[in-house]
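Enquirer: So I've got this file, work_28.csv, and it contains CSV, C-alpha atoms:
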```csv
chain,number,residue,atom,x,y,z
A,150,MET,CA,-78.6,-52.4,-45.9
A,151,ALA,CA,-77.2,-51.8,-42.5
A,152,GLU,CA,-80.6,-51.6,-40.9
A,153,LYS,CA,-81.2,-55.3,-41.7
A,154,PHE,CA,-78.0,-56.3,-39.9
A,155,ASP,CA,-78.8,-53.9,-37.0
A,156,SER,CA,-82.0,-55.8,-36.1
A,157,LEU,CA,-80.3,-59.1,-36.4
A,158,GLU,CA,-77.4,-57.9,-34.3
A,159,GLU,CA,-79.7,-56.6,-31.7
A,160,HIS,CA,-81.6,-59.9,-31.5
A,161,LEU,CA,-78.3,-61.8,-31.3
A,162,GLU,CA,-77.0,-59.6,-28.5
A,163,LYS,CA,-80.2,-60.1,-26.5
A,164,PHE,CA,-80.0,-63.8,-27.1
A,165,VAL,CA,-76.4,-64.1,-26.0
A,166,GLU,CA,-77.1,-62.0,-22.9
A,167,ASN,CA,-80.1,-64.2,-22.0
A,168,ILE,CA,-77.9,-67.3,-22.5
A,169,ARG,CA,-75.2,-65.7,-20.3
A,170,GLN,CA,-77.7,-65.0,-17.5
A,171,LEU,CA,-79.1,-68.6,-17.9
A,172,GLY,CA,-75.5,-69.8,-17.4
A,173,ILE,CA,-75.1,-67.8,-14.3
A,174,ILE,CA,-78.4,-69.2,-12.8
A,175,VAL,CA,-77.4,-72.8,-13.7
A,176,SER,CA,-73.8,-72.4,-12.5
A,177,ASP,CA,-74.9,-72.2,-8.9
A,178,PHE,CA,-78.5,-73.3,-8.9
A,179,GLN,CA,-80.9,-72.7,-6.1
A,180,PRO,CA,-84.4,-74.2,-5.8
A,181,SER,CA,-85.8,-70.7,-5.6
A,182,SER,CA,-84.4,-69.8,-9.0
A,183,GLN,CA,-86.4,-72.4,-10.8
A,184,ALA,CA,-89.1,-69.9,-11.9
A,185,GLY,CA,-86.4,-67.6,-13.2
A,186,LEU,CA,-84.8,-70.5,-15.1
A,187,ASN,CA,-88.1,-71.4,-16.7
A,188,GLN,CA,-88.6,-67.8,-17.8
A,189,LYS,CA,-85.1,-67.6,-19.3
A,190,LEU,CA,-85.7,-70.9,-21.2
A,191,ASN,CA,-88.8,-69.4,-22.7
A,192,TYR,CA,-87.0,-66.2,-23.5
A,193,MET,CA,-84.5,-68.3,-25.3
A,194,VAL,CA,-87.3,-69.8,-27.5
A,195,THR,CA,-88.7,-66.3,-28.3
A,196,GLY,CA,-85.1,-65.1,-29.0
A,197,LEU,CA,-84.7,-67.9,-31.5
A,198,GLN,CA,-88.1,-67.0,-33.0
A,199,ASP,CA,-86.9,-63.4,-33.4
A,200,ILE,CA,-83.7,-64.5,-35.0
A,201,ASP,CA,-85.5,-66.8,-37.4
A,202,LYS,CA,-87.8,-63.9,-38.4
A,203,CYS,CA,-84.7,-61.9,-39.5
A,204,ARG,CA,-84.1,-64.6,-42.1
A,205,GLN,CA,-86.7,-63.1,-44.4
A,206,GLN,CA,-84.8,-59.8,-44.6
A,207,LEU,CA,-81.5,-61.5,-45.3
A,208,HIS,CA,-82.3,-64.1,-48.0
A,209,ASP,CA,-80.2,-62.2,-50.5
A,210,ILE,CA,-77.0,-62.1,-48.3
A,211,THR,CA,-74.3,-64.6,-49.1
A,212,VAL,CA,-71.4,-65.4,-46.8
A,213,PRO,CA,-68.3,-67.1,-48.1
A,214,LEU,CA,-67.6,-70.5,-46.5
A,215,GLU,CA,-64.0,-69.4,-45.8
A,216,VAL,CA,-65.3,-66.9,-43.3
A,217,PHE,CA,-66.8,-69.8,-41.3
A,218,GLU,CA,-63.4,-71.5,-41.4
A,219,PHE,CA,-61.8,-68.4,-39.9
A,220,ILE,CA,-64.4,-68.3,-37.1
A,221,ASP,CA,-64.0,-72.0,-36.4
A,222,GLN,CA,-60.3,-71.6,-36.0
A,223,GLY,CA,-60.9,-68.8,-33.5
A,224,ARG,CA,-59.5,-66.2,-35.9
A,225,ASN,CA,-60.8,-62.7,-36.6
A,226,PRO,CA,-63.0,-62.9,-39.7
A,227,GLN,CA,-61.8,-59.4,-40.6
A,228,LEU,CA,-58.5,-61.1,-41.6
A,229,TYR,CA,-60.4,-62.8,-44.4
A,230,THR,CA,-61.7,-59.4,-45.7
A,231,LYS,CA,-58.1,-58.1,-45.4
A,232,GLU,CA,-56.7,-61.0,-47.4
A,233,CYS,CA,-59.4,-60.7,-50.0
A,234,LEU,CA,-58.7,-57.0,-50.5
A,235,GLU,CA,-55.0,-57.6,-50.7
A,236,ARG,CA,-55.4,-60.5,-53.2
A,237,ALA,CA,-57.8,-58.4,-55.3
A,238,LEU,CA,-55.4,-55.5,-55.5
A,239,ALA,CA,-52.5,-57.8,-56.3
A,240,LYS,CA,-54.4,-59.5,-59.1
A,241,ASN,CA,-55.7,-56.1,-60.3
A,242,GLU,CA,-52.1,-54.9,-60.6
A,243,GLN,CA,-51.0,-58.1,-62.3
A,244,VAL,CA,-53.8,-57.9,-64.9
A,245,LYS,CA,-53.1,-54.2,-65.4
A,246,GLY,CA,-49.5,-55.0,-66.1
A,247,LYS,CA,-50.5,-57.6,-68.6
A,248,ILE,CA,-52.9,-55.3,-70.4
A,249,ASP,CA,-50.3,-52.5,-70.5
A,250,THR,CA,-47.7,-54.9,-71.9
A,251,MET,CA,-50.1,-56.1,-74.5
A,252,LYS,CA,-51.0,-52.6,-75.5
A,253,LYS,CA,-47.3,-51.8,-75.9
A,254,PHE,CA,-46.8,-54.9,-77.9
A,255,LYS,CA,-49.7,-54.0,-80.2
A,256,SER,CA,-48.4,-50.6,-80.9
A,257,LEU,CA,-44.9,-51.9,-81.5
A,258,LEU,CA,-46.3,-54.6,-83.8
A,259,ILE,CA,-48.4,-52.1,-85.8
A,260,GLN,CA,-45.3,-49.9,-86.0
A,261,GLU,CA,-43.1,-52.6,-87.3
A,262,LEU,CA,-45.8,-54.1,-89.6
A,263,THR,CA,-46.4,-50.6,-91.1
A,264,LYS,CA,-42.7,-50.6,-92.0
A,265,VAL,CA,-42.9,-54.0,-93.8
A,266,PHE,CA,-46.5,-53.9,-95.1
A,267,PRO,CA,-47.4,-50.3,-95.5
A,268,GLU,CA,-50.3,-50.8,-97.9
A,269,ASP,CA,-51.9,-53.6,-95.9
A,270,MET,CA,-51.5,-51.8,-92.7
A,271,ALA,CA,-53.1,-48.7,-94.2
A,272,LYS,CA,-56.1,-50.9,-95.1
A,273,TYR,CA,-56.1,-52.4,-91.6
A,274,LYS,CA,-56.1,-48.9,-90.1
A,275,VAL,CA,-59.0,-47.9,-92.3
A,276,ILE,CA,-61.0,-51.0,-91.2
A,277,ARG,CA,-60.2,-50.3,-87.5
A,278,GLY,CA,-61.3,-46.7,-88.1
A,279,GLU,CA,-57.9,-45.3,-87.2
A,280,ASP,CA,-56.0,-42.6,-89.0
A,281,PRO,CA,-54.1,-44.4,-91.8
A,282,SER,CA,-51.2,-41.9,-91.8
A,283,PRO,CA,-48.5,-43.0,-89.2
B,255,MET,CA,-36.8,-56.6,-98.3
B,256,GLY,CA,-39.0,-55.8,-101.3
B,257,GLY,CA,-38.9,-59.4,-102.4
B,258,GLU,CA,-40.0,-60.5,-98.9
B,259,CYS,CA,-42.8,-58.1,-99.1
B,260,ALA,CA,-43.9,-59.5,-102.4
B,261,GLY,CA,-43.7,-63.0,-101.0
B,262,HIS,CA,-45.8,-62.0,-98.0
B,263,ALA,CA,-48.3,-60.4,-100.2
B,264,GLY,CA,-48.5,-63.5,-102.3
B,265,ILE,CA,-49.2,-65.6,-99.2
B,266,MET,CA,-51.9,-63.2,-98.2
B,267,GLU,CA,-53.5,-63.4,-101.6
B,268,ASN,CA,-53.3,-67.2,-101.5
B,269,PHE,CA,-55.0,-67.2,-98.1
B,270,SER,CA,-57.7,-64.9,-99.4
B,271,ALA,CA,-58.1,-67.1,-102.4
B,272,LEU,CA,-58.5,-70.1,-100.1
B,273,PHE,CA,-61.0,-68.6,-97.6
B,274,GLY,CA,-62.3,-65.4,-99.0
B,275,GLY,CA,-62.7,-66.5,-102.5
B,276,ALA,CA,-64.7,-69.6,-101.6
B,277,GLU,CA,-67.6,-67.4,-100.5
B,278,PRO,CA,-69.6,-65.2,-102.8
B,279,PRO,CA,-68.8,-61.5,-102.4
B,280,PRO,CA,-71.1,-59.7,-100.0
B,281,SER,CA,-74.0,-58.0,-101.5
B,282,ALA,CA,-74.9,-54.4,-100.6
B,283,THR,CA,-78.0,-55.6,-98.8
B,284,ALA,CA,-76.0,-58.2,-96.8
B,285,ALA,CA,-73.5,-55.5,-95.8
B,286,SER,CA,-76.2,-53.1,-94.8
B,287,LEU,CA,-77.8,-55.8,-92.7
B,288,GLY,CA,-74.6,-56.3,-90.9
B,289,PHE,CA,-74.0,-60.0,-91.4
B,290,GLY,CA,-71.3,-60.1,-94.0
B,291,PRO,CA,-68.5,-62.7,-93.9
B,292,GLY,CA,-66.0,-62.3,-91.1
B,293,LYS,CA,-68.5,-60.9,-88.7
B,294,PRO,CA,-69.6,-63.1,-85.8
B,295,GLY,CA,-73.3,-63.8,-85.4
B,296,GLY,CA,-75.9,-65.2,-87.7
B,297,PRO,CA,-78.4,-63.4,-89.9
B,298,GLY,CA,-80.9,-63.0,-87.0
B,299,SER,CA,-78.4,-61.5,-84.7
B,300,GLY,CA,-77.5,-58.5,-86.9
B,301,PRO,CA,-78.9,-55.0,-86.4
B,302,PRO,CA,-82.0,-53.8,-88.3
B,303,PRO,CA,-81.3,-52.3,-91.8
B,304,VAL,CA,-80.2,-48.7,-91.7
B,305,PRO,CA,-79.3,-46.2,-94.3
B,306,ALA,CA,-75.6,-46.3,-95.4
B,307,VAL,CA,-75.1,-42.6,-94.5
B,308,THR,CA,-75.2,-43.2,-90.7
B,309,PRO,CA,-72.0,-44.2,-88.8
B,310,VAL,CA,-73.3,-47.7,-88.4
B,311,GLY,CA,-73.7,-48.0,-92.1
B,312,GLU,CA,-70.1,-46.7,-92.5
B,313,GLU,CA,-68.9,-49.3,-90.1
B,314,VAL,CA,-70.7,-52.0,-92.0
B,315,ALA,CA,-69.2,-50.8,-95.2
B,316,ARG,CA,-65.8,-50.8,-93.7
B,317,LYS,CA,-66.3,-54.4,-92.5
B,318,ALA,CA,-67.5,-55.4,-95.9
B,319,SER,CA,-64.3,-53.9,-97.5
B,320,ALA,CA,-62.3,-55.8,-94.8
B,321,ALA,CA,-63.9,-59.0,-95.8
B,322,SER,CA,-62.7,-58.6,-99.4
B,323,GLY,CA,-59.2,-57.6,-98.4
B,324,PRO,CA,-56.4,-59.5,-96.7
B,325,PHE,CA,-57.9,-59.1,-93.1
B,326,TYR,CA,-60.9,-61.5,-93.6
B,327,LEU,CA,-60.6,-63.2,-90.3
B,328,MET,CA,-60.4,-60.0,-88.2
B,329,ARG,CA,-62.5,-59.9,-85.0
B,330,GLU,CA,-64.1,-56.9,-83.4
B,331,LEU,CA,-62.0,-55.2,-80.7
B,332,PRO,CA,-63.3,-55.4,-77.2
B,333,GLY,CA,-65.4,-52.4,-76.2
B,334,THR,CA,-63.5,-49.7,-74.3
B,335,THR,CA,-66.4,-49.3,-71.9
B,336,GLU,CA,-65.9,-52.8,-70.6
B,337,LEU,CA,-64.6,-53.0,-67.1
B,338,THR,CA,-61.2,-54.7,-67.0
B,339,GLY,CA,-58.2,-55.0,-64.7
B,340,SER,CA,-56.6,-51.9,-66.3
B,341,THR,CA,-58.8,-49.8,-64.0
B,342,ASN,CA,-58.3,-49.8,-60.2
B,343,LEU,CA,-61.2,-51.9,-59.2
B,344,ILE,CA,-61.0,-51.0,-55.5
B,345,THR,CA,-61.5,-47.3,-56.3
B,346,HIS,CA,-64.1,-48.2,-59.0
B,347,TYR,CA,-66.3,-49.9,-56.4
B,348,ASN,CA,-65.6,-47.3,-53.7
B,349,LEU,CA,-63.7,-49.7,-51.5
B,350,GLU,CA,-60.8,-47.4,-50.5
B,351,HIS,CA,-62.3,-46.9,-47.1
B,352,ALA,CA,-62.6,-50.6,-46.5
B,353,TYR,CA,-59.0,-51.1,-47.9
B,354,ASN,CA,-57.6,-48.5,-45.6
B,355,LYS,CA,-59.5,-49.8,-42.7
B,356,PHE,CA,-58.4,-53.4,-43.0
B,357,CYS,CA,-55.0,-53.1,-44.8
B,358,GLY,CA,-53.8,-49.8,-43.4
B,359,LYS,CA,-53.5,-51.0,-39.8
B,360,LYS,CA,-52.8,-54.3,-38.2
B,361,VAL,CA,-56.0,-56.4,-37.7
B,362,LYS,CA,-55.9,-58.4,-34.4
B,363,GLU,CA,-55.6,-62.1,-34.9
B,364,LYS,CA,-58.1,-63.5,-32.3
B,365,LEU,CA,-61.8,-63.9,-32.7
B,366,SER,CA,-62.3,-62.3,-29.2
B,367,ASN,CA,-60.9,-59.1,-30.6
B,368,PHE,CA,-63.7,-59.0,-33.1
B,369,LEU,CA,-66.4,-60.1,-30.6
B,370,PRO,CA,-65.1,-58.7,-27.3
B,371,ASP,CA,-68.5,-58.9,-25.6
B,372,LEU,CA,-69.2,-62.5,-26.4
B,373,PRO,CA,-68.9,-64.7,-23.2
B,374,GLY,CA,-66.9,-67.9,-23.2
B,375,MET,CA,-63.6,-69.0,-24.7
B,376,ILE,CA,-64.3,-68.3,-28.3
B,377,ASP,CA,-60.6,-68.3,-29.4
B,378,LEU,CA,-60.4,-72.0,-29.1
B,379,PRO,CA,-60.9,-74.0,-32.4
B,380,GLY,CA,-64.5,-75.1,-32.8
B,381,SER,CA,-63.5,-78.6,-33.6
B,382,HIS,CA,-62.3,-79.1,-30.0
B,383,ASP,CA,-65.7,-78.8,-28.4
B,384,ASN,CA,-67.7,-79.7,-31.6
B,385,SER,CA,-69.1,-76.2,-31.9
B,386,SER,CA,-67.8,-75.4,-35.4
B,387,LEU,CA,-70.1,-73.6,-37.9
B,388,ARG,CA,-68.8,-76.0,-40.6
B,389,SER,CA,-70.3,-79.0,-38.8
B,390,LEU,CA,-73.6,-77.0,-38.4
B,391,ILE,CA,-73.7,-76.7,-42.2
B,392,GLU,CA,-72.5,-80.1,-43.0
B,393,LYS,CA,-74.6,-81.9,-40.4
B,394,PRO,CA,-77.6,-79.6,-39.7
B,395,PRO,CA,-79.5,-80.5,-36.5
B,396,ILE,CA,-82.7,-82.4,-36.9
B,397,CYS,CA,-85.4,-80.1,-35.7
B,398,GLY,CA,-88.8,-78.8,-36.6
B,399,SER,CA,-89.4,-75.8,-38.8
B,400,SER,CA,-90.7,-73.6,-36.0
B,401,PHE,CA,-89.8,-72.7,-32.4
B,402,ASN,CA,-92.5,-73.5,-29.9
B,403,PRO,CA,-92.6,-72.2,-26.3
B,404,ILE,CA,-91.8,-74.7,-23.6
B,405,THR,CA,-95.1,-75.6,-21.8
B,406,GLY,CA,-95.6,-76.5,-18.1
B,407,THR,CA,-95.2,-80.3,-18.6
B,408,MET,CA,-92.1,-79.8,-20.8
B,409,LEU,CA,-90.5,-77.5,-18.2
B,410,THR,CA,-90.4,-80.4,-15.7
B,411,GLY,CA,-87.5,-81.7,-17.6
B,412,PHE,CA,-85.5,-78.6,-16.7
B,413,ARG,CA,-85.8,-79.0,-12.9
B,414,LEU,CA,-82.2,-78.8,-11.7
B,415,HIS,CA,-80.4,-80.0,-8.5
B,416,ALA,CA,-79.3,-77.3,-6.2
B,417,GLY,CA,-75.6,-76.5,-5.9
B,418,PRO,CA,-72.7,-75.4,-8.0
B,419,LEU,CA,-71.7,-76.9,-11.3
B,420,PRO,CA,-68.8,-79.3,-11.5
B,421,GLU,CA,-65.5,-77.7,-12.6
B,422,GLN,CA,-65.4,-79.2,-16.1
B,423,CYS,CA,-68.7,-77.6,-16.9
B,424,ARG,CA,-67.7,-74.1,-16.1
B,425,LEU,CA,-66.1,-73.2,-19.4
B,426,MET,CA,-68.9,-70.8,-20.2
B,427,HIS,CA,-67.8,-68.3,-17.6
B,428,ILE,CA,-64.1,-68.4,-18.4
B,429,GLN,CA,-63.1,-65.3,-20.3
B,430,PRO,CA,-60.0,-64.9,-22.3
B,431,PRO,CA,-57.4,-63.0,-20.3
B,432,LYS,CA,-57.6,-59.6,-21.9
B,433,LYS,CA,-56.6,-57.4,-19.1
B,434,LYS,CA,-53.8,-59.7,-18.0
B,435,ASN,CA,-52.3,-59.5,-21.5
B,436,LYS,CA,-52.4,-55.7,-21.3
B,437,HIS,CA,-50.6,-55.8,-18.0
B,438,LYS,CA,-48.1,-58.1,-19.4
B,439,HIS,CA,-47.4,-55.7,-22.3
B,440,LYS,CA,-47.0,-52.9,-19.8
B,441,GLN,CA,-44.6,-55.0,-17.7
B,442,SER,CA,-42.6,-56.0,-20.7
B,443,ARG,CA,-42.3,-52.4,-21.7
B,444,THR,CA,-41.2,-51.4,-18.3
B,445,GLN,CA,-38.7,-54.3,-18.1
B,446,ASP,CA,-37.1,-53.3,-21.4
B,447,PRO,CA,-34.4,-50.7,-21.2
B,448,VAL,CA,-35.9,-48.9,-24.2
B,449,PRO,CA,-37.1,-45.3,-24.4
B,450,PRO,CA,-40.8,-46.0,-23.4
B,451,GLU,CA,-39.6,-46.4,-19.9
B,452,THR,CA,-37.7,-43.2,-19.7
B,453,PRO,CA,-40.7,-40.8,-20.4
B,454,SER,CA,-42.7,-42.4,-17.6
B,455,ASP,CA,-39.8,-42.1,-15.2
B,456,SER,CA,-39.2,-38.5,-16.2
B,457,ASP,CA,-43.0,-37.9,-15.7
B,458,HIS,CA,-42.7,-39.2,-12.2
B,459,LYS,CA,-39.7,-37.0,-11.5
B,460,LYS,CA,-41.5,-34.0,-12.9
B,461,LYS,CA,-44.5,-34.7,-10.7
B,462,LYS,CA,-42.2,-35.1,-7.7
B,463,LYS,CA,-40.5,-31.9,-8.5
B,464,LYS,CA,-43.9,-30.2,-8.8
B,465,LYS,CA,-44.9,-31.7,-5.4
B,466,GLU,CA,-41.6,-30.5,-3.9
B,467,ASP,CA,-42.0,-27.1,-5.4
B,468,ASP,CA,-45.6,-26.6,-4.3
B,469,PRO,CA,-44.9,-25.9,-0.5
B,470,GLU,CA,-42.2,-23.4,-1.5
B,471,ARG,CA,-44.7,-21.6,-3.8
B,472,LYS,CA,-47.3,-21.6,-1.1
B,473,ARG,CA,-44.9,-20.0,1.3
B,474,LYS,CA,-43.9,-17.4,-1.2
B,475,LYS,CA,-47.6,-16.6,-2.0
B,476,LYS,CA,-48.3,-16.4,1.7
B,477,GLU,CA,-45.5,-13.9,2.2
B,478,LYS,CA,-46.6,-11.8,-0.7
B,479,LYS,CA,-50.2,-11.7,0.6
B,480,LYS,CA,-49.0,-10.8,4.1
B,481,LYS,CA,-47.0,-7.9,2.6
B,482,LYS,CA,-50.0,-6.7,0.5
B,483,ASN,CA,-52.3,-6.9,3.5
B,484,ARG,CA,-49.9,-4.9,5.6
B,485,HIS,CA,-49.5,-2.2,3.0
B,486,SER,CA,-53.2,-2.1,1.8
B,487,PRO,CA,-55.4,0.6,3.3
B,488,GLU,CA,-58.5,-1.6,3.3
B,489,HIS,CA,-57.0,-4.1,5.8
B,490,PRO,CA,-54.9,-2.1,8.1
B,491,GLY,CA,-55.2,-4.3,11.1
B,492,VAL,CA,-55.5,-7.8,9.5
B,493,GLY,CA,-53.4,-10.3,11.2
B,494,SER,CA,-51.3,-13.0,9.7
B,495,SER,CA,-53.6,-15.7,11.1
B,496,GLN,CA,-56.5,-14.5,8.9
B,497,ALA,CA,-54.4,-14.3,5.8
B,498,SER,CA,-53.1,-17.8,6.3
B,499,SER,CA,-56.7,-19.1,6.8
B,500,SER,CA,-57.8,-17.4,3.6
B,501,SER,CA,-55.0,-19.0,1.7
B,502,SER,CA,-55.8,-22.3,3.1
B,503,LEU,CA,-59.3,-22.0,2.0
B,504,ARG,CA,-58.1,-21.4,-1.5
```
Let me see the file written as structure tokens.
Expert:
Amino acid sequence: MAEKFDSLEEHLEKFVENIRQLGIIVSDFQPSSQAGLNQKLNYMVTGLQDIDKCRQQLHDITVPLEVFEFIDQGRNPQLYTKECLERALAKNEQVKGKIDTMKKFKSLLIQELTKVFPEDMAKYKVIRGEDPSP
Amino acid sequence: MGGECAGHAGIMENFSALFGGAEPPPSATAASLGFGPGKPGGPGSGPPPVPAVTPVGEEVARKASAASGPFYLMRELPGTTELTGSTNLITHYNLEHAYNKFCGKKVKEKLSNFLPDLPGMIDLPGSHDNSSLRSLIEKPPICGSSFNPITGTMLTGFRLHAGPLPEQCRLMHIQPPKKKNKHKHKQSRTQDPVPPETPSDSDHKKKKKKKEDDPERKRKKKEKKKKKNRHSPEHPGVGSSQASSSSSLR
């Protein structure tokens, strides 16, 4: 799994570095550096080709749109992961609380119904495959 | 209480008469096939016929008896193997490491902290310079399906004028002030009259003390060596000058 991302990361790093060098050449351009500029431009094309090739390995990867919003706002995308994990845990605890409460309610209801309808509840327990004796 | 019970039982019987009685009682074959009344699923969805001795057969028989009794609308309980919120899903999916990594310590807010080696001012919102990823998705650039190398004639379009770029175009080389921030933090720490300052000061004092102590120690060492040399039989005539030179070498 990580190998796929490693190759993409490597290509992206090379591409960014090439662009950085291109920026340096352009920022104070000299006529003698035209050949170097042309070479860098073609490196850029090959870099894009390499990145495009990585697409085949990553077709099954999905990225949430919210992550892009974080990046667009200049925020660390790890904050999105953090928020997701915190939200998941909070919701997990909430649902666990509900399930536990419902289980308690069920046992109390069975307990009370057994007092009022002992025969019916005995039948119920037989149907449910539970021990009919309280 | 007993009267109430009798009343309830009467209601139950009425309900069973209304719903249960309308349908014919389930036959043994129907029960064994597993599509008796009160069970979800049509005739085709039931399990294949099995002998009544097996646990499945027992279950079917139980359901058949349930259909004839007061609990004719009973549904099957959800399976216990089903994954629900009652289990800690973070541990179930082995995400404790990720949870501790992201939620255990403070994650830095800025994008440049995530991509420290990326050149340019990446902490600015993408909408400012129209470089947002959102716009790339919403309005994808019109281009061909493949990337072709730039040939000789096309490269003529990239002939540039000599000289530096104008100021407004130099944004690419401006880096976020990371080191300055660190210095600021340090300055603020030293400015505050809080404990962090005191250890550093004490360290300085200790170092100074050590430095002050060093020449005294050297002198003492020299004196000891001189005494040793004088008393030792191997170096009866060694002068003080040689001893000092040896110590200086060390």
Enquirer: Can you pull out every residue within 10 Å of segment 215-232 of chain A, counting all atoms listed in the file, but drop anything in the same chain fewer than 3 positions away, and send it as an MDAnalysis selection string?
Expert: (chainID A and resid 212 235:238) or (chainID B and resid 352:358 360:369 375:382 384:389 391)
Enquirer: Would you save the residues from that selection as a PDB file, in the frame of the given file, using C-alpha atoms?
Expert:
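Final output, saved to out33.pdb:
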```pdb
ATOM      1  CA  VAL A 212     -71.400 -65.400 -46.800  1.00  0.00           C
ATOM      2  CA  GLU A 235     -55.000 -57.600 -50.700  1.00  0.00           C
ATOM      3  CA  ARG A 236     -55.400 -60.500 -53.200  1.00  0.00           C
ATOM      4  CA  ALA A 237     -57.800 -58.400 -55.300  1.00  0.00           C
ATOM      5  CA  LEU A 238     -55.400 -55.500 -55.500  1.00  0.00           C
TER       6      LEU A 238
ATOM      7  CA  ALA B 352     -62.600 -50.600 -46.500  1.00  0.00           C
ATOM      8  CA  TYR B 353     -59.000 -51.100 -47.900  1.00  0.00           C
ATOM      9  CA  ASN B 354     -57.600 -48.500 -45.600  1.00  0.00           C
ATOM     10  CA  LYS B 355     -59.500 -49.800 -42.700  1.00  0.00           C
ATOM     11  CA  PHE B 356     -58.400 -53.400 -43.000  1.00  0.00           C
ATOM     12  CA  CYS B 357     -55.000 -53.100 -44.800  1.00  0.00           C
ATOM     13  CA  GLY B 358     -53.800 -49.800 -43.400  1.00  0.00           C
ATOM     14  CA  LYS B 360     -52.800 -54.300 -38.200  1.00  0.00           C
ATOM     15  CA  VAL B 361     -56.000 -56.400 -37.700  1.00  0.00           C
ATOM     16  CA  LYS B 362     -55.900 -58.400 -34.400  1.00  0.00           C
ATOM     17  CA  GLU B 363     -55.600 -62.100 -34.900  1.00  0.00           C
ATOM     18  CA  LYS B 364     -58.100 -63.500 -32.300  1.00  0.00           C
ATOM     19  CA  LEU B 365     -61.800 -63.900 -32.700  1.00  0.00           C
ATOM     20  CA  SER B 366     -62.300 -62.300 -29.200  1.00  0.00           C
ATOM     21  CA  ASN B 367     -60.900 -59.100 -30.600  1.00  0.00           C
ATOM     22  CA  PHE B 368     -63.700 -59.000 -33.100  1.00  0.00           C
ATOM     23  CA  LEU B 369     -66.400 -60.100 -30.600  1.00  0.00           C
ATOM     24  CA  MET B 375     -63.600 -69.000 -24.700  1.00  0.00           C
ATOM     25  CA  ILE B 376     -64.300 -68.300 -28.300  1.00  0.00           C
ATOM     26  CA  ASP B 377     -60.600 -68.300 -29.400  1.00  0.00           C
ATOM     27  CA  LEU B 378     -60.400 -72.000 -29.100  1.00  0.00           C
ATOM     28  CA  PRO B 379     -60.900 -74.000 -32.400  1.00  0.00           C
ATOM     29  CA  GLY B 380     -64.500 -75.100 -32.800  1.00  0.00           C
ATOM     30  CA  SER B 381     -63.500 -78.600 -33.600  1.00  0.00           C
ATOM     31  CA  HIS B 382     -62.300 -79.100 -30.000  1.00  0.00           C
ATOM     32  CA  ASN B 384     -67.700 -79.700 -31.600  1.00  0.00           C
ATOM     33  CA  SER B 385     -69.100 -76.200 -31.900  1.00  0.00           C
ATOM     34  CA  SER B 386     -67.800 -75.400 -35.400  1.00  0.00           C
ATOM     35  CA  LEU B 387     -70.100 -73.600 -37.900  1.00  0.00           C
ATOM     36  CA  ARG B 388     -68.800 -76.000 -40.600  1.00  0.00           C
ATOM     37  CA  SER B 389     -70.300 -79.000 -38.800  1.00  0.00           C
ATOM     38  CA  ILE B 391     -73.700 -76.700 -42.200  1.00  0.00           C
TER      39      ILE B 391
END
```
Enquirer: Pick from A:Ala239, A:Ile259, A:Met251, A:Leu234: nearest to chain B, with only C-alpha atoms counted?
Expert: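 Nearest candidate to chain B out of A:Ala239, A:Ile259, A:Met251, A:Leu234: A:Leu234.
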Enquirer: Would you mind reading off the distance between atom CA of Leu343 of chain B and atom CA of Cys233 of chain A, one decimal, in Å?
Expert: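 That distance, rounded to one decimal, is 12.9 Å.
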Enquirer: Within 7 Å of segment 403-412 of chain B, counting only C-alpha atoms, which residues qualify if same-chain residues fewer than 4 places away don't, as a PyMOL selection string?
Expert: chain A and resi 187+191+194
Enquirer: With a distance cut-off of 8 Å and only C-alpha atoms, select the neighbouring residues of Ile168 of chain A, excluding the residue or stretch itself and same-chain residues fewer than 4 positions from it, and output the selection as an MDAnalysis selection string.
Expert: chainID A and resid 164 172 189 193
Enquirer: For chain A, which residue out of B:Leu337, B:Cys423, B:Leu349, B:Ala416 is the nearest one, using all atoms listed in the file?
Expert: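 Using all atoms listed in the file, chain A sits closest to B:Ala416.
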Enquirer: How many Å lie between atom CA of Leu419 of chain B and atom CA of Pro394 of chain B, rounded to one decimal?
Expert: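 So the answer is 29.1 Å.
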Enquirer: Figure out the distance between atom CA of Thr341 of chain B and atom CA of Arg329 of chain B, please, to one decimal in Å.
Expert: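 According to the coordinates, atom CA of Arg329 of chain B and atom CA of Thr341 of chain B are separated by 23.6 Å.
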Enquirer: Nearest to Ile174 of chain A: which of A:Thr250, A:Leu190, A:Glu268, A:Val275 is it, counting all atoms listed in the file?
Expert: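 Among the listed residues, A:Leu190 lies closest to Ile174 of chain A.
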Enquirer: Name the closest residue to Gln260 of chain A among the candidates A:Phe154, A:Gln188, A:Pro180, A:Lys274; distances are taken between atoms, counting only C-alpha atoms.
Expert: A:Lys274
